[in-house]
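A.B. asks: One file: run09.txt (compact mmCIF, N, CA and C atoms).
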# COMPACT_ATOMS: atom_id res chain seq x y z
N MET A 296 35.09 -62.05 58.51
CA MET A 296 34.86 -63.04 59.55
C MET A 296 34.67 -62.34 60.89
N SER A 297 33.75 -62.82 61.68
CA SER A 297 33.43 -62.20 62.96
C SER A 297 34.46 -62.56 64.01
N GLU A 298 34.65 -61.63 64.93
CA GLU A 298 35.50 -61.90 66.09
C GLU A 298 34.68 -62.67 67.10
N PRO A 299 35.34 -63.43 68.01
CA PRO A 299 34.61 -64.21 69.01
C PRO A 299 33.64 -63.37 69.85
N ASP A 300 34.00 -62.12 70.17
CA ASP A 300 33.11 -61.26 70.95
C ASP A 300 31.80 -61.00 70.23
N ASP A 301 31.84 -60.96 68.89
CA ASP A 301 30.64 -60.71 68.11
C ASP A 301 29.63 -61.84 68.25
N ILE A 302 30.11 -63.04 68.50
CA ILE A 302 29.23 -64.19 68.63
C ILE A 302 28.46 -64.13 69.94
N GLN A 303 29.11 -63.67 71.01
CA GLN A 303 28.51 -63.67 72.33
C GLN A 303 27.40 -62.64 72.49
N ALA A 304 27.55 -61.48 71.91
CA ALA A 304 26.55 -60.43 72.11
C ALA A 304 26.45 -59.58 70.85
N PRO A 305 25.25 -59.13 70.54
CA PRO A 305 25.10 -58.24 69.40
C PRO A 305 25.80 -56.92 69.69
N LYS A 306 26.18 -56.23 68.64
CA LYS A 306 26.84 -54.93 68.82
C LYS A 306 25.84 -53.94 69.40
N ILE A 307 26.27 -53.27 70.44
CA ILE A 307 25.43 -52.29 71.12
C ILE A 307 26.20 -50.97 71.13
N GLU A 308 25.51 -49.88 70.86
CA GLU A 308 26.14 -48.58 70.95
C GLU A 308 25.99 -48.07 72.37
N PHE A 309 27.10 -47.69 72.98
CA PHE A 309 27.09 -47.19 74.35
C PHE A 309 27.29 -45.69 74.34
N PRO A 310 26.68 -44.95 75.27
CA PRO A 310 25.73 -45.47 76.26
C PRO A 310 24.42 -45.90 75.61
N CYS A 311 23.82 -46.92 76.20
CA CYS A 311 22.57 -47.48 75.68
C CYS A 311 21.49 -47.30 76.76
N GLU A 312 20.57 -46.38 76.52
CA GLU A 312 19.50 -46.13 77.49
C GLU A 312 18.47 -47.24 77.43
N ARG A 313 17.85 -47.48 78.57
CA ARG A 313 16.76 -48.46 78.70
C ARG A 313 17.21 -49.87 78.29
N TYR A 314 18.44 -50.22 78.67
CA TYR A 314 18.99 -51.55 78.39
C TYR A 314 18.41 -52.52 79.42
N PRO A 315 17.72 -53.57 78.97
CA PRO A 315 17.09 -54.49 79.93
C PRO A 315 18.06 -55.51 80.50
N ILE A 316 17.98 -55.70 81.80
CA ILE A 316 18.72 -56.77 82.47
C ILE A 316 17.69 -57.62 83.20
N LYS A 317 17.65 -58.91 82.87
CA LYS A 317 16.72 -59.83 83.50
C LYS A 317 17.52 -60.81 84.35
N VAL A 318 17.07 -60.98 85.58
CA VAL A 318 17.77 -61.82 86.55
C VAL A 318 16.80 -62.89 87.03
N VAL A 319 17.20 -64.15 86.94
CA VAL A 319 16.37 -65.25 87.42
C VAL A 319 17.09 -65.91 88.59
N GLY A 320 16.35 -66.05 89.68
CA GLY A 320 16.98 -66.64 90.86
C GLY A 320 15.97 -67.27 91.79
N ASP A 321 16.48 -67.73 92.92
CA ASP A 321 15.62 -68.35 93.93
C ASP A 321 14.68 -67.31 94.52
N ALA A 322 13.39 -67.63 94.51
CA ALA A 322 12.40 -66.72 95.10
C ALA A 322 12.62 -66.66 96.60
N GLY A 323 12.19 -65.57 97.17
CA GLY A 323 12.29 -65.44 98.62
C GLY A 323 12.41 -63.99 99.01
N GLU A 324 12.31 -63.78 100.29
CA GLU A 324 12.36 -62.43 100.82
C GLU A 324 13.67 -61.75 100.43
N GLY A 325 13.54 -60.53 99.96
CA GLY A 325 14.71 -59.72 99.67
C GLY A 325 15.33 -59.94 98.31
N PHE A 326 14.74 -60.79 97.46
CA PHE A 326 15.34 -61.04 96.15
C PHE A 326 15.42 -59.76 95.33
N SER A 327 14.31 -59.04 95.22
CA SER A 327 14.31 -57.83 94.40
C SER A 327 15.24 -56.77 94.97
N ALA A 328 15.28 -56.64 96.31
CA ALA A 328 16.16 -55.65 96.94
C ALA A 328 17.62 -56.00 96.67
N MET A 329 17.95 -57.29 96.69
CA MET A 329 19.31 -57.73 96.42
C MET A 329 19.69 -57.41 94.97
N VAL A 330 18.78 -57.68 94.04
CA VAL A 330 19.05 -57.40 92.63
C VAL A 330 19.29 -55.90 92.43
N ILE A 331 18.42 -55.08 93.01
CA ILE A 331 18.55 -53.62 92.88
C ILE A 331 19.89 -53.15 93.48
N GLU A 332 20.22 -53.66 94.65
CA GLU A 332 21.46 -53.24 95.32
C GLU A 332 22.68 -53.56 94.47
N VAL A 333 22.73 -54.77 93.92
CA VAL A 333 23.89 -55.19 93.11
C VAL A 333 23.97 -54.36 91.83
N ILE A 334 22.86 -54.20 91.15
CA ILE A 334 22.87 -53.46 89.88
C ILE A 334 23.20 -51.99 90.13
N ARG A 335 22.69 -51.43 91.21
CA ARG A 335 22.93 -50.01 91.51
C ARG A 335 24.43 -49.73 91.74
N ARG A 336 25.19 -50.72 92.20
CA ARG A 336 26.64 -50.54 92.36
C ARG A 336 27.30 -50.15 91.05
N HIS A 337 26.76 -50.68 89.96
CA HIS A 337 27.35 -50.47 88.63
C HIS A 337 26.55 -49.49 87.78
N ALA A 338 25.32 -49.24 88.16
CA ALA A 338 24.45 -48.29 87.43
C ALA A 338 23.74 -47.42 88.47
N PRO A 339 24.47 -46.43 89.03
CA PRO A 339 23.92 -45.62 90.13
C PRO A 339 22.63 -44.89 89.78
N ASP A 340 22.40 -44.66 88.49
CA ASP A 340 21.19 -43.94 88.09
C ASP A 340 20.00 -44.88 87.83
N LEU A 341 20.09 -46.12 88.31
CA LEU A 341 19.02 -47.10 88.13
C LEU A 341 17.68 -46.52 88.60
N ASP A 342 16.68 -46.62 87.75
CA ASP A 342 15.32 -46.18 88.09
C ASP A 342 14.53 -47.39 88.57
N GLU A 343 14.30 -47.47 89.87
CA GLU A 343 13.61 -48.63 90.45
C GLU A 343 12.18 -48.80 89.94
N THR A 344 11.60 -47.75 89.37
CA THR A 344 10.23 -47.88 88.86
C THR A 344 10.18 -48.77 87.62
N THR A 345 11.35 -49.08 87.03
CA THR A 345 11.37 -49.97 85.86
C THR A 345 11.36 -51.44 86.27
N LEU A 346 11.45 -51.72 87.58
CA LEU A 346 11.51 -53.10 88.07
C LEU A 346 10.22 -53.85 87.78
N VAL A 347 10.36 -55.02 87.15
CA VAL A 347 9.22 -55.91 86.90
C VAL A 347 9.58 -57.26 87.51
N LEU A 348 8.74 -57.73 88.44
CA LEU A 348 8.96 -59.02 89.10
C LEU A 348 7.95 -60.04 88.60
N ARG A 349 8.41 -61.26 88.40
CA ARG A 349 7.50 -62.35 88.02
C ARG A 349 7.90 -63.60 88.79
N ASP A 350 6.90 -64.32 89.26
CA ASP A 350 7.15 -65.59 89.94
C ASP A 350 7.02 -66.73 88.94
N SER A 351 7.80 -67.78 89.14
CA SER A 351 7.64 -68.97 88.30
C SER A 351 6.32 -69.65 88.64
N ARG A 352 5.91 -70.56 87.81
CA ARG A 352 4.63 -71.24 88.00
C ARG A 352 4.54 -71.90 89.38
N ASN A 353 5.62 -72.54 89.80
CA ASN A 353 5.57 -73.23 91.10
C ASN A 353 6.05 -72.35 92.25
N GLY A 354 6.46 -71.11 91.95
CA GLY A 354 6.85 -70.18 93.00
C GLY A 354 8.27 -70.39 93.53
N ARG A 355 8.99 -71.32 92.95
CA ARG A 355 10.34 -71.60 93.43
C ARG A 355 11.35 -70.54 92.96
N TYR A 356 11.11 -70.00 91.76
CA TYR A 356 12.01 -69.01 91.19
C TYR A 356 11.28 -67.69 90.99
N GLN A 357 12.08 -66.65 90.85
CA GLN A 357 11.53 -65.33 90.58
C GLN A 357 12.43 -64.66 89.55
N SER A 358 11.83 -63.86 88.69
CA SER A 358 12.63 -63.08 87.76
C SER A 358 12.41 -61.61 88.06
N ALA A 359 13.46 -60.87 87.91
CA ALA A 359 13.42 -59.42 88.09
C ALA A 359 14.04 -58.80 86.86
N GLN A 360 13.34 -57.84 86.27
CA GLN A 360 13.89 -57.14 85.12
C GLN A 360 13.92 -55.66 85.43
N VAL A 361 15.05 -55.03 85.11
CA VAL A 361 15.18 -53.58 85.26
C VAL A 361 15.78 -53.03 83.98
N LEU A 362 15.61 -51.74 83.80
CA LEU A 362 16.20 -51.05 82.67
C LEU A 362 17.29 -50.12 83.20
N ILE A 363 18.46 -50.19 82.60
CA ILE A 363 19.56 -49.32 83.02
C ILE A 363 20.08 -48.56 81.81
N THR A 364 20.91 -47.58 82.08
CA THR A 364 21.69 -46.96 81.02
C THR A 364 23.03 -47.68 81.01
N ALA A 365 23.20 -48.54 80.03
CA ALA A 365 24.42 -49.34 79.93
C ALA A 365 25.54 -48.46 79.38
N THR A 366 26.67 -48.47 80.08
CA THR A 366 27.78 -47.61 79.68
C THR A 366 28.88 -48.36 78.95
N GLY A 367 28.87 -49.68 79.01
CA GLY A 367 29.89 -50.44 78.29
C GLY A 367 29.86 -51.91 78.65
N VAL A 368 30.60 -52.69 77.90
CA VAL A 368 30.64 -54.14 78.10
C VAL A 368 31.19 -54.46 79.49
N GLU A 369 32.19 -53.70 79.94
CA GLU A 369 32.78 -53.94 81.26
C GLU A 369 31.72 -53.83 82.36
N GLN A 370 30.88 -52.81 82.26
CA GLN A 370 29.81 -52.61 83.25
C GLN A 370 28.86 -53.82 83.25
N LEU A 371 28.46 -54.26 82.09
CA LEU A 371 27.52 -55.38 81.99
C LEU A 371 28.14 -56.67 82.53
N GLN A 372 29.42 -56.89 82.23
CA GLN A 372 30.10 -58.07 82.75
C GLN A 372 30.21 -58.02 84.27
N ALA A 373 30.50 -56.84 84.82
CA ALA A 373 30.63 -56.69 86.27
C ALA A 373 29.29 -56.95 86.97
N ILE A 374 28.21 -56.47 86.37
CA ILE A 374 26.87 -56.73 86.93
C ILE A 374 26.62 -58.23 86.95
N HIS A 375 26.91 -58.89 85.85
CA HIS A 375 26.69 -60.34 85.74
C HIS A 375 27.49 -61.09 86.80
N VAL A 376 28.77 -60.77 86.94
CA VAL A 376 29.63 -61.44 87.91
C VAL A 376 29.12 -61.23 89.33
N ASP A 377 28.79 -59.99 89.67
CA ASP A 377 28.33 -59.69 91.03
C ASP A 377 26.99 -60.36 91.34
N LEU A 378 26.09 -60.40 90.38
CA LEU A 378 24.80 -61.06 90.61
C LEU A 378 25.00 -62.55 90.82
N ARG A 379 25.83 -63.17 90.00
CA ARG A 379 26.08 -64.62 90.15
C ARG A 379 26.76 -64.92 91.49
N ALA A 380 27.57 -64.00 91.97
CA ALA A 380 28.31 -64.21 93.21
C ALA A 380 27.40 -64.22 94.44
N THR A 381 26.16 -63.76 94.29
CA THR A 381 25.24 -63.74 95.44
C THR A 381 24.83 -65.15 95.85
N GLY A 382 24.92 -66.11 94.93
CA GLY A 382 24.50 -67.47 95.23
C GLY A 382 23.01 -67.71 95.04
N ARG A 383 22.23 -66.66 94.86
CA ARG A 383 20.78 -66.78 94.65
C ARG A 383 20.38 -66.68 93.19
N VAL A 384 21.31 -66.25 92.36
CA VAL A 384 20.99 -65.97 90.95
C VAL A 384 21.42 -67.16 90.09
N HIS A 385 20.50 -67.60 89.22
CA HIS A 385 20.79 -68.72 88.32
C HIS A 385 21.12 -68.25 86.91
N MET A 386 20.48 -67.17 86.47
CA MET A 386 20.72 -66.66 85.11
C MET A 386 20.64 -65.14 85.12
N VAL A 387 21.47 -64.54 84.26
CA VAL A 387 21.40 -63.11 84.00
C VAL A 387 21.32 -62.97 82.50
N LEU A 388 20.26 -62.34 82.03
CA LEU A 388 20.05 -62.19 80.58
C LEU A 388 20.06 -60.71 80.21
Take the structure in the file and write it out as structure tokens.

C.D. replies:
Amino acid sequence: MSEPDDIQAPKIEFPCERYPIKVVGDAGEGFSAMVIEVIRRHAPDLDETTLVLRDSRNGRYQSAQVLITATGVEQLQAIHVDLRATGRVHMVL
């Protein structure tokens, strides 16, 4: 029988290179810089050249995806919490 943690996320071997983090939030000036700043706190080796930005159809939202070297579940949870705390982020995938 699976543990509850197994249901939330697939098993990942850490460190996991090129781990994608997608952030969806309110579009506007500084969104990508804010995402980079928050993620860099937890993944100092973040390569900004992996950043991919997309606008929603109506331009109200924007998504930013970056690739990091994930070091553990704690790191990923901290990134999620800090991004949500900005007030501009609606989802972290």

A.B. asks: Enumerate the residues of range 308-372 of chain A with a DSSP assignment of strand (DSSP E), computed from the backbone, and present them as a PyMOL selection string.

C.D. replies: chain A and resi 311-321+347-350+356-365

A.B. asks: Please indicate the distance in Å from atom C of Arg383 in chain A to atom N of Gly320 in chain A, rounded to one decimal place.

C.D. replies: 5.4 Å

A.B. asks: Report, in Å with one decimal, the straight-line distance from CA of Ala359 in chain A to CA of Ala380 in chain A.

C.D. replies: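 So the answer is 16.5 Å.
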
A.B. asks: For atom C of Asp340 in chain A and atom C of Ile363 in chain A, quote the distance in Å rounded to one decimal.

C.D. replies: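 If I compute the distance from atom C of Asp340 in chain A to atom C of Ile363 in chain A, I get 7.1 Å.
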
A.B. asks: For a cut-off of 8 Å around (25.0, -48.8, 81.8), file coordinates, pick out all residues using only C-alpha atoms and list them as a VMD selection string.

C.D. replies: chain A and resid 309 to 312 314 337 to 338 363 to 367 370 to 371

A.B. asks: Which neighbours of Ala322 in chain A fall inside 8 Å, counting only N, CA and C atoms, when residues of the same chain fewer than 6 positions from it are skipped, and could you give them as a CSV table (one decimal) with N, CA and C atoms, in the coordinates of the input?

C.D. replies:
chain,number,residue,atom,x,y,z
A,350,ASP,N,6.9,-64.3,89.3
A,350,ASP,CA,7.2,-65.6,89.9
A,350,ASP,C,7.0,-66.7,88.9
A,351,SER,N,7.8,-67.8,89.1
A,351,SER,CA,7.6,-69.0,88.3
A,351,SER,C,6.3,-69.6,88.6
A,354,GLY,N,6.5,-71.1,92.0
A,354,GLY,CA,6.8,-70.2,93.0
A,354,GLY,C,8.3,-70.4,93.5
A,355,ARG,N,9.0,-71.3,93.0
A,355,ARG,CA,10.3,-71.6,93.4
A,355,ARG,C,11.4,-70.5,93.0
A,356,TYR,N,11.1,-70.0,91.8
A,356,TYR,CA,12.0,-69.0,91.2
A,356,TYR,C,11.3,-67.7,91.0
A,357,GLN,N,12.1,-66.6,90.8
A,357,GLN,CA,11.5,-65.3,90.6
A,357,GLN,C,12.4,-64.7,89.6
A,358,SER,N,11.8,-63.9,88.7
A,358,SER,CA,12.6,-63.1,87.8
A,358,SER,C,12.4,-61.6,88.1
A,383,ARG,N,22.2,-66.7,94.9
A,383,ARG,CA,20.8,-66.8,94.6
A,383,ARG,C,20.4,-66.7,93.2

A.B. asks: Nearest to Ala373 in chain A among A:Val347, A:Ala328, A:Val333, A:Leu388, with distances taken over only N, CA and C atoms: which residue is it?

C.D. replies: A:Val333

A.B. asks: Padding 6 Å on each side, edges along x, y and z: where is the centre of the box around the listed atoms of range 356-367 of chain A, and how long are its edges in Å to one decimal? Output it as AutoDock Vina command-line options.

C.D. replies:
--center_x 20.5 --center_y -58.5 --center_z 85.0 --size_x 30.8 --size_y 35.0 --size_z 25.5

A.B. asks: Run DSSP on the backbone and grab whatever in range 308-387 of chain A lands in alpha helix (DSSP H); send it over as a short mmCIF file (atom, residue, chain, number, x, y, z; two decimals) with N, CA and C atoms, in the coordinates of the input.

C.D. replies:
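And here's out32.cif as it stands now:
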data_model
loop_
_atom_site.label_atom_id
_atom_site.label_comp_id
_atom_site.auth_asym_id
_atom_site.auth_seq_id
_atom_site.Cartn_x
_atom_site.Cartn_y
_atom_site.Cartn_z
N PHE A 326 14.74 -60.79 97.46
CA PHE A 326 15.34 -61.04 96.15
C PHE A 326 15.42 -59.76 95.33
N SER A 327 14.31 -59.04 95.22
CA SER A 327 14.31 -57.83 94.40
C SER A 327 15.24 -56.77 94.97
N ALA A 328 15.28 -56.64 96.31
CA ALA A 328 16.16 -55.65 96.94
C ALA A 328 17.62 -56.00 96.67
N MET A 329 17.95 -57.29 96.69
CA MET A 329 19.31 -57.73 96.42
C MET A 329 19.69 -57.41 94.97
N VAL A 330 18.78 -57.68 94.04
CA VAL A 330 19.05 -57.40 92.63
C VAL A 330 19.29 -55.90 92.43
N ILE A 331 18.42 -55.08 93.01
CA ILE A 331 18.55 -53.62 92.88
C ILE A 331 19.89 -53.15 93.48
N GLU A 332 20.22 -53.66 94.65
CA GLU A 332 21.46 -53.24 95.32
C GLU A 332 22.68 -53.56 94.47
N VAL A 333 22.73 -54.77 93.92
CA VAL A 333 23.89 -55.19 93.11
C VAL A 333 23.97 -54.36 91.83
N ILE A 334 22.86 -54.20 91.15
CA ILE A 334 22.87 -53.46 89.88
C ILE A 334 23.20 -51.99 90.13
N ARG A 335 22.69 -51.43 91.21
CA ARG A 335 22.93 -50.01 91.51
C ARG A 335 24.43 -49.73 91.74
N ARG A 336 25.19 -50.72 92.20
CA ARG A 336 26.64 -50.54 92.36
C ARG A 336 27.30 -50.15 91.05
N HIS A 337 26.76 -50.68 89.96
CA HIS A 337 27.35 -50.47 88.63
C HIS A 337 26.55 -49.49 87.78
N VAL A 368 30.60 -52.69 77.90
CA VAL A 368 30.64 -54.14 78.10
C VAL A 368 31.19 -54.46 79.49
N GLU A 369 32.19 -53.70 79.94
CA GLU A 369 32.78 -53.94 81.26
C GLU A 369 31.72 -53.83 82.36
N GLN A 370 30.88 -52.81 82.26
CA GLN A 370 29.81 -52.61 83.25
C GLN A 370 28.86 -53.82 83.25
N LEU A 371 28.46 -54.26 82.09
CA LEU A 371 27.52 -55.38 81.99
C LEU A 371 28.14 -56.67 82.53
N GLN A 372 29.42 -56.89 82.23
CA GLN A 372 30.10 -58.07 82.75
C GLN A 372 30.21 -58.02 84.27
N ALA A 373 30.50 -56.84 84.82
CA ALA A 373 30.63 -56.69 86.27
C ALA A 373 29.29 -56.95 86.97
N ILE A 374 28.21 -56.47 86.37
CA ILE A 374 26.87 -56.73 86.93
C ILE A 374 26.62 -58.23 86.95
N HIS A 375 26.91 -58.89 85.85
CA HIS A 375 26.69 -60.34 85.74
C HIS A 375 27.49 -61.09 86.80
N VAL A 376 28.77 -60.77 86.94
CA VAL A 376 29.63 -61.44 87.91
C VAL A 376 29.12 -61.23 89.33
N ASP A 377 28.79 -59.99 89.67
CA ASP A 377 28.33 -59.69 91.03
C ASP A 377 26.99 -60.36 91.34
N LEU A 378 26.09 -60.40 90.38
CA LEU A 378 24.80 -61.06 90.61
C LEU A 378 25.00 -62.55 90.82
N ARG A 379 25.83 -63.17 90.00
CA ARG A 379 26.08 -64.62 90.15
C ARG A 379 26.76 -64.92 91.49
#

A.B. asks: Which is closest to Ile316 in chain A among A:Val330, A:Leu346, A:Val368, A:Val361, if we use only C-alpha atoms?

C.D. replies: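 Selected residue with least distance to Ile316 in chain A: A:Val361.
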
A.B. asks: Pick out the closest residue to Val376 in chain A from this set: A:Arg349, A:Val318, A:Phe326, A:Asp342. Count only C-alpha atoms.

C.D. replies: A:Val318

A.B. asks: Calculated over only N, CA and C atoms, which of the candidates A:Ile307, A:Val319, A:Gln372, A:Ile331 has the smallest distance to Val387 in chain A?

C.D. replies: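 Checking each of A:Ile307, A:Val319, A:Gln372, A:Ile331 against Val387 in chain A, counting only N, CA and C atoms, the winner is A:Val319.
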
A.B. asks: With all atoms listed in the file as the atoms that count, which of A:Arg352, A:Arg335, A:Lys317, A:Lys306 lies nearest to Met386 in chain A?

C.D. replies: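 Using all atoms listed in the file, the shortest distance to Met386 in chain A belongs to A:Lys317.
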
A.B. asks: Quick one: of A:Pro315, A:Glu308, A:Glu332, A:His385, who's nearest to Gln360 in chain A, counting only N, CA and C atoms?

C.D. replies: A:Pro315

A.B. asks: Taking the block above, write range 303-373 of chain A with C-alpha atoms as an mmCIF file, in the first residue's frame.

C.D. replies:
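Done, and the output landed in out_32.cif:
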data_model
loop_
_atom_site.group_PDB
_atom_site.id
_atom_site.type_symbol
_atom_site.label_atom_id
_atom_site.label_comp_id
_atom_site.auth_asym_id
_atom_site.auth_seq_id
_atom_site.Cartn_x
_atom_site.Cartn_y
_atom_site.Cartn_z
ATOM 1 C CA GLN A 303 1.014 13.656 -4.073
ATOM 2 C CA ALA A 304 4.119 13.330 -6.221
ATOM 3 C CA PRO A 305 5.847 10.643 -8.227
ATOM 4 C CA LYS A 306 9.094 9.322 -6.806
ATOM 5 C CA ILE A 307 11.999 11.449 -7.953
ATOM 6 C CA GLU A 308 15.660 10.653 -7.496
ATOM 7 C CA PHE A 309 17.558 13.611 -6.075
ATOM 8 C CA PRO A 310 19.486 15.477 -7.186
ATOM 9 C CA CYS A 311 17.319 15.740 -10.285
ATOM 10 C CA GLU A 312 18.809 17.847 -13.073
ATOM 11 C CA ARG A 313 16.597 19.822 -15.438
ATOM 12 C CA TYR A 314 13.567 19.559 -13.118
ATOM 13 C CA PRO A 315 10.822 21.789 -14.570
ATOM 14 C CA ILE A 316 8.981 24.299 -12.412
ATOM 15 C CA LYS A 317 6.041 26.070 -14.032
ATOM 16 C CA VAL A 318 4.554 29.128 -12.379
ATOM 17 C CA VAL A 319 1.234 30.689 -13.410
ATOM 18 C CA GLY A 320 0.378 34.128 -12.158
ATOM 19 C CA ASP A 321 -0.915 37.592 -12.890
ATOM 20 C CA ALA A 322 0.765 39.071 -15.952
ATOM 21 C CA GLY A 323 2.534 42.344 -15.543
ATOM 22 C CA GLU A 324 5.837 44.070 -15.277
ATOM 23 C CA GLY A 325 8.419 42.175 -13.313
ATOM 24 C CA PHE A 326 6.627 38.805 -13.210
ATOM 25 C CA SER A 327 9.521 36.837 -14.701
ATOM 26 C CA ALA A 328 12.096 38.703 -12.570
ATOM 27 C CA MET A 329 10.073 37.927 -9.441
ATOM 28 C CA VAL A 330 9.841 34.233 -10.355
ATOM 29 C CA ILE A 331 13.601 34.050 -11.010
ATOM 30 C CA GLU A 332 14.419 35.871 -7.763
ATOM 31 C CA VAL A 333 12.257 33.562 -5.634
ATOM 32 C CA ILE A 334 13.468 30.352 -7.271
ATOM 33 C CA ARG A 335 17.112 31.462 -7.133
ATOM 34 C CA ARG A 336 16.835 31.717 -3.313
ATOM 35 C CA HIS A 337 16.385 27.950 -3.242
ATOM 36 C CA ALA A 338 18.270 26.984 -6.415
ATOM 37 C CA PRO A 339 21.282 29.336 -6.642
ATOM 38 C CA ASP A 340 22.567 27.597 -9.765
ATOM 39 C CA LEU A 341 19.379 28.442 -11.715
ATOM 40 C CA ASP A 342 20.162 28.916 -15.416
ATOM 41 C CA GLU A 343 18.027 31.851 -16.563
ATOM 42 C CA THR A 344 18.428 30.783 -20.198
ATOM 43 C CA THR A 345 15.960 27.951 -19.465
ATOM 44 C CA LEU A 346 13.192 30.509 -18.775
ATOM 45 C CA VAL A 347 10.167 30.151 -21.065
ATOM 46 C CA LEU A 348 7.399 32.765 -20.777
ATOM 47 C CA ARG A 349 3.904 32.418 -22.208
ATOM 48 C CA ASP A 350 0.965 34.796 -22.047
ATOM 49 C CA SER A 351 -2.593 33.568 -21.648
ATOM 50 C CA ARG A 352 -4.982 34.115 -24.536
ATOM 51 C CA ASN A 353 -6.477 37.241 -22.974
ATOM 52 C CA GLY A 354 -3.145 38.456 -21.569
ATOM 53 C CA ARG A 355 -4.366 38.462 -17.985
ATOM 54 C CA TYR A 356 -2.075 35.639 -16.866
ATOM 55 C CA GLN A 357 1.458 34.625 -17.644
ATOM 56 C CA SER A 358 3.307 31.374 -17.161
ATOM 57 C CA ALA A 359 7.005 31.060 -16.541
ATOM 58 C CA GLN A 360 8.845 27.769 -16.698
ATOM 59 C CA VAL A 361 12.426 27.195 -15.607
ATOM 60 C CA LEU A 362 14.587 24.144 -15.175
ATOM 61 C CA ILE A 363 16.462 23.668 -11.912
ATOM 62 C CA THR A 364 18.576 21.021 -10.284
ATOM 63 C CA ALA A 365 16.149 19.811 -7.640
ATOM 64 C CA THR A 366 17.936 18.752 -4.478
ATOM 65 C CA GLY A 367 15.005 17.416 -2.473
ATOM 66 C CA VAL A 368 11.342 17.609 -1.550
ATOM 67 C CA GLU A 369 12.060 20.288 1.068
ATOM 68 C CA GLN A 370 13.566 22.562 -1.599
ATOM 69 C CA LEU A 371 10.575 22.113 -3.908
ATOM 70 C CA GLN A 372 8.107 22.772 -1.092
ATOM 71 C CA ALA A 373 9.995 25.928 -0.056
#
